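First the structure, in the form of structure tokens, and then the observations on it.
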Amino acid sequence: MHPLIISDVTLTFGGLKALSGVAMRFEPGTITSIIGPNGAGKTSLLNCISGFYHPDQGDIHYGDQRLTDAAPHQVAKMGIARAFQNLELFRGMTVLDNLLLARHSKLKYNLLQAVVFIGKAARVEAENRRTVEEVIDFMELEPYRKNTVGTLSYGIQKRVEVARALTMEPQVLLLDEPMAGMNIEEKEDMVRFVMDIQKERNATIILVEHDLGVVMDISDRIHVLDFGEMIGSGTPAEVARNPKVIEAYIGKE
Ligand SMILES: Nc1ncnc2c1ncn2[C@@H]1O[C@H](COP(=O)(O)OP(=O)(O)OP(=O)(O)O)[C@@H](O)[C@H]1O
């Protein structure tokens, strides 16, 4: 387990600076939230970490591995998984099949190897199945395993999306608005799962979330972005009394 370190990252779209000189550190085994008003650059930053965007300047490291120019599948192989704001699930497939498919993307053998090394392929397959079953159990999805994803409530679909990321057994989990659109009960469940993922799976969690109550409750540290720039960083108590943050973000709530 290593810290994930963002150094001086700048990202531009045409003339627009979505991120400007952003520096952040995510300590192993902690929950760190990134907050900021709409358009502040939060999702752009997650896209830089997960390899969908590449910064124009600056660097991103996970331990001694450089993520800056890595592709999404390479980032996933380094142990960094992401649960998406807009669900990345196949709505016509069951929960179980979605999770098995996500896990298969981690397969370490190709088709020829699969034919030649039947033993190895079978072993890997059994291991995939075990991991997926363990994630179903952990995320309390047992009652829904055979249900088609599209028929489930939005809150359960969000839970399946987090489970999808967990099948990759990540050391770092990026969560993009996991509580958006949820009712209070669903939010409470998701908060409990996020805290369990941190404690029981010892994962580093990077959370982008608009619900400030949740963020203040569960974060070890918070980084605040506004117009692509960092305007504050610290514990929830420190951030809550930072005048720049109050003006730019909390004051507008
Ligand atoms: N692919 C893109 N092309 C052009 N501009 C983009 C692109 N992605 C993001 N932007 C712009 O970059 C800025 C930051 O957007 P981003 O989505 O990262 O903000 P955010 O903090 O996640 O916002 P929200 O809270 O609304 O999700 C915005 O001005 C946005 O319009």
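All residue names refer to the structure tokens as shown: chains lettered A, B, ... in order, residues numbered from 1 in each chain, ligands numbered from 1 in order.
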Please provide the set of residues having any atom within 8 Å of Thr30 in chain A, restricted to only C-alpha atoms, with same-chain residues fewer than 3 positions apart removed, written as a PDB file with N, CA and C atoms, in the first residue's frame.
ATOM      1  N   PHE A  26      -2.994  11.216  -1.195  1.00  0.00           N
ATOM      2  CA  PHE A  26      -4.001  10.313  -0.636  1.00  0.00           C
ATOM      3  C   PHE A  26      -3.277   9.217   0.126  1.00  0.00           C
ATOM      4  N   GLU A  27      -3.407   9.241   1.451  1.00  0.00           N
ATOM      5  CA  GLU A  27      -2.659   8.300   2.286  1.00  0.00           C
ATOM      6  C   GLU A  27      -3.305   6.912   2.260  1.00  0.00           C
ATOM      7  N   GLN A 198     -13.131   0.557   3.516  1.00  0.00           N
ATOM      8  CA  GLN A 198     -11.893   1.123   4.065  1.00  0.00           C
ATOM      9  C   GLN A 198     -11.339   0.223   5.176  1.00  0.00           C
ATOM     10  N   ALA A 203      -8.740  -0.583   2.071  1.00  0.00           N
ATOM     11  CA  ALA A 203      -8.551   0.150   0.815  1.00  0.00           C
ATOM     12  C   ALA A 203      -8.366   1.647   1.079  1.00  0.00           C
ATOM     13  N   THR A 204      -7.692   2.294   0.136  1.00  0.00           N
ATOM     14  CA  THR A 204      -7.601   3.759   0.130  1.00  0.00           C
ATOM     15  C   THR A 204      -8.792   4.249  -0.682  1.00  0.00           C
ATOM     16  N   ILE A 205      -9.595   5.137  -0.107  1.00  0.00           N
ATOM     17  CA  ILE A 205     -10.794   5.574  -0.820  1.00  0.00           C
ATOM     18  C   ILE A 205     -10.684   7.044  -1.203  1.00  0.00           C
ATOM     19  N   SER A 219     -14.891  11.435   6.098  1.00  0.00           N
ATOM     20  CA  SER A 219     -13.571  11.673   5.508  1.00  0.00           C
ATOM     21  C   SER A 219     -12.487  11.832   6.563  1.00  0.00           C
ATOM     22  N   ASP A 220     -11.320  11.250   6.305  1.00  0.00           N
ATOM     23  CA  ASP A 220     -10.141  11.552   7.130  1.00  0.00           C
ATOM     24  C   ASP A 220      -9.585  12.909   6.715  1.00  0.00           C
TER      25      ASP A 220
END
Neighbourhood of ligand 1 at 6 Å, counting only C-alpha atoms and all ligand atoms, reported as an mmCIF file with N, CA and C atoms, in the first residue's frame:
data_model
loop_
_atom_site.group_PDB
_atom_site.id
_atom_site.type_symbol
_atom_site.label_atom_id
_atom_site.label_comp_id
_atom_site.auth_asym_id
_atom_site.auth_seq_id
_atom_site.Cartn_x
_atom_site.Cartn_y
_atom_site.Cartn_z
ATOM 1 N N PHE A 13 -8.884 22.164 -21.647
ATOM 2 C CA PHE A 13 -9.739 21.820 -22.783
ATOM 3 C C PHE A 13 -9.841 23.081 -23.616
ATOM 4 N N ALA A 18 -9.330 23.184 -16.821
ATOM 5 C CA ALA A 18 -10.193 22.397 -15.936
ATOM 6 C C ALA A 18 -9.476 22.119 -14.618
ATOM 7 N N PRO A 37 -17.662 23.216 -5.990
ATOM 8 C CA PRO A 37 -18.908 23.507 -6.711
ATOM 9 C C PRO A 37 -18.943 22.822 -8.078
ATOM 10 N N ASN A 38 -20.092 22.861 -8.730
ATOM 11 C CA ASN A 38 -20.212 22.289 -10.079
ATOM 12 C C ASN A 38 -19.160 22.878 -11.001
ATOM 13 N N GLY A 39 -18.536 22.017 -11.798
ATOM 14 C CA GLY A 39 -17.546 22.472 -12.759
ATOM 15 C C GLY A 39 -16.187 22.776 -12.153
ATOM 16 N N ALA A 40 -15.984 22.419 -10.872
ATOM 17 C CA ALA A 40 -14.715 22.739 -10.192
ATOM 18 C C ALA A 40 -13.551 21.898 -10.707
ATOM 19 N N GLY A 41 -13.855 20.742 -11.324
ATOM 20 C CA GLY A 41 -12.777 19.905 -11.852
ATOM 21 C C GLY A 41 -12.660 18.546 -11.178
ATOM 22 N N LYS A 42 -13.624 18.194 -10.346
ATOM 23 C CA LYS A 42 -13.528 16.953 -9.553
ATOM 24 C C LYS A 42 -13.502 15.711 -10.464
ATOM 25 N N THR A 43 -14.474 15.649 -11.382
ATOM 26 C CA THR A 43 -14.522 14.470 -12.265
ATOM 27 C C THR A 43 -13.317 14.459 -13.207
ATOM 28 N N SER A 44 -12.887 15.639 -13.641
ATOM 29 C CA SER A 44 -11.691 15.696 -14.494
ATOM 30 C C SER A 44 -10.488 15.105 -13.771
#
For Glu229 in chain A, find every residue with an atom within 10 Å (counting only C-alpha atoms), except residues of its own chain fewer than 5 positions away, and show them as a list in words.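 My list of contacting residues is Val9, Thr10, Lys17, Ala18, Leu19, Ser20, Gly21, Val22, Ala23, Gly36, Ala40, Gly41 and Val224 of chain A.
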Got a sec: who's within 9 Å of Met78 in chain A, counting only C-alpha atoms, leaving out chain neighbours fewer than 5 positions off, as a VMD selection string? chain A and resid 62 65 67 73 170 to 171
Please determine, counting only C-alpha atoms, which residue among A:Val162, A:Leu96, A:Ile34, A:Ile80 has the shortest atom-to-atom distance to Leu207 in chain A.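 Once distances to Leu207 in chain A are computed over only C-alpha atoms, the minimum belongs to A:Ile34.
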DSSP-assigned helix (DSSP H, G or I) among range 1-181 of chain A, expressed as a ChimeraX atom specification: /A:42-49,72-77,95-104,111-116,118-138,142-144,149-151,154-166
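As for CA of Gly232 in chain A and CA of Met179 in chain A, they are spaced 23.0 Å apart.
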For CA of Asp176 in chain A and CA of Asn242 in chain A, determine how far apart the two atoms are, in Å to one decimal place. 24.1 Å
Any chance you could tabulate, as a Markdown table, the residues of range 76-160 of chain A at most 9 Å from range 46-60 of chain A with each one's nearest atom pair and distance in Å to one decimal, using only C-alpha atoms, in chain and rising number order?
| residue | atom | partner | partner_atom | distance |
| --- | --- | --- | --- | --- |
| A:Ala76 | CA | A:Ser50 | CA | 7.6 |
| A:Ile80 | CA | A:Ser50 | CA | 7.4 |
| A:Ala81 | CA | A:Ser50 | CA | 7.6 |
| A:Arg82 | CA | A:Ser50 | CA | 7.3 |
Write to file, as an mmCIF file, in the first residue's frame, the residues of the selection just made, with N, CA and C atoms.
data_model
loop_
_atom_site.group_PDB
_atom_site.id
_atom_site.type_symbol
_atom_site.label_atom_id
_atom_site.label_comp_id
_atom_site.auth_asym_id
_atom_site.auth_seq_id
_atom_site.Cartn_x
_atom_site.Cartn_y
_atom_site.Cartn_z
ATOM 1 N N ALA A 76 -5.917 0.134 -13.867
ATOM 2 C CA ALA A 76 -6.670 -0.912 -13.154
ATOM 3 C C ALA A 76 -5.711 -2.018 -12.694
ATOM 4 N N ILE A 80 -5.916 0.155 -8.984
ATOM 5 C CA ILE A 80 -6.742 1.354 -8.788
ATOM 6 C C ILE A 80 -8.033 1.174 -9.604
ATOM 7 N N ALA A 81 -9.173 1.048 -8.917
ATOM 8 C CA ALA A 81 -10.444 0.802 -9.602
ATOM 9 C C ALA A 81 -11.391 1.964 -9.369
ATOM 10 N N ARG A 82 -12.369 2.080 -10.251
ATOM 11 C CA ARG A 82 -13.285 3.218 -10.162
ATOM 12 C C ARG A 82 -14.734 2.771 -10.283
#
All residues 9 Å or closer to Arg25 in chain A, only C-alpha atoms, same chain fewer than 2 positions away omitted, as a list of chain:residue names: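 Skipping anything fewer than 2 positions along the chain leaves A:Pro3, A:Leu4, A:Ile5, A:Ile6, A:Ser7, A:Ala23, A:Glu27, A:Thr32.
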Take the selection from the previous step and output its residues with C-alpha atoms, as an mmCIF file, in the first residue's frame.
data_model
loop_
_atom_site.group_PDB
_atom_site.id
_atom_site.type_symbol
_atom_site.label_atom_id
_atom_site.label_comp_id
_atom_site.auth_asym_id
_atom_site.auth_seq_id
_atom_site.Cartn_x
_atom_site.Cartn_y
_atom_site.Cartn_z
ATOM 1 C CA PRO A 3 0.246 6.965 -1.044
ATOM 2 C CA LEU A 4 -1.220 8.222 -4.317
ATOM 3 C CA ILE A 5 0.399 11.552 -5.115
ATOM 4 C CA ILE A 6 -0.758 14.222 -7.550
ATOM 5 C CA SER A 7 1.919 16.804 -8.300
ATOM 6 C CA ALA A 23 -1.319 18.923 -5.807
ATOM 7 C CA GLU A 27 -2.659 8.300 2.286
ATOM 8 C CA THR A 32 -10.136 11.337 1.305
#
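The interatomic distance for the pair CA of Leu99 in chain A and CA of Arg129 in chain A works out to 9.4 Å.
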Using only C-alpha atoms, which of the listed residues (A:Leu11, A:Ile246, A:Met24, A:Ala126) sits closest to Met230 in chain A? A:Met24
Which one of A:Leu89, A:Val75, A:Leu100, A:Ile31 sits closest to Asp196 in chain A if you count only C-alpha atoms?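 Looking at the shortest contact to Asp196 in chain A, the residue is A:Ile31.
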I need the residue nearest Leu166 in chain A from this list: A:Leu45, A:Met139, A:Ala70, A:Met182. Use only C-alpha atoms for the distance.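 Of A:Leu45, A:Met139, A:Ala70, A:Met182, the one nearest Leu166 in chain A is A:Met139, counting only C-alpha atoms.
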List the neighbours of Leu141 in chain A out to 9 Å using only C-alpha atoms; skip same-chain residues closer than 6 positions along the sequence, and give me the result as a PyMOL selection string. chain A and resi 95+135+156+159-160+163
Under the rule that only C-alpha atoms are counted, which of A:Glu125, A:Glu177, A:Glu133, A:Asp64 is the nearest residue to His104 in chain A? A:Glu125
Could you check which of A:Gly92, A:Gly181, A:Gly29, A:Pro72 is closest to Thr148 in chain A, using only C-alpha atoms?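 Closest to Thr148 in chain A, using only C-alpha atoms: A:Gly92.
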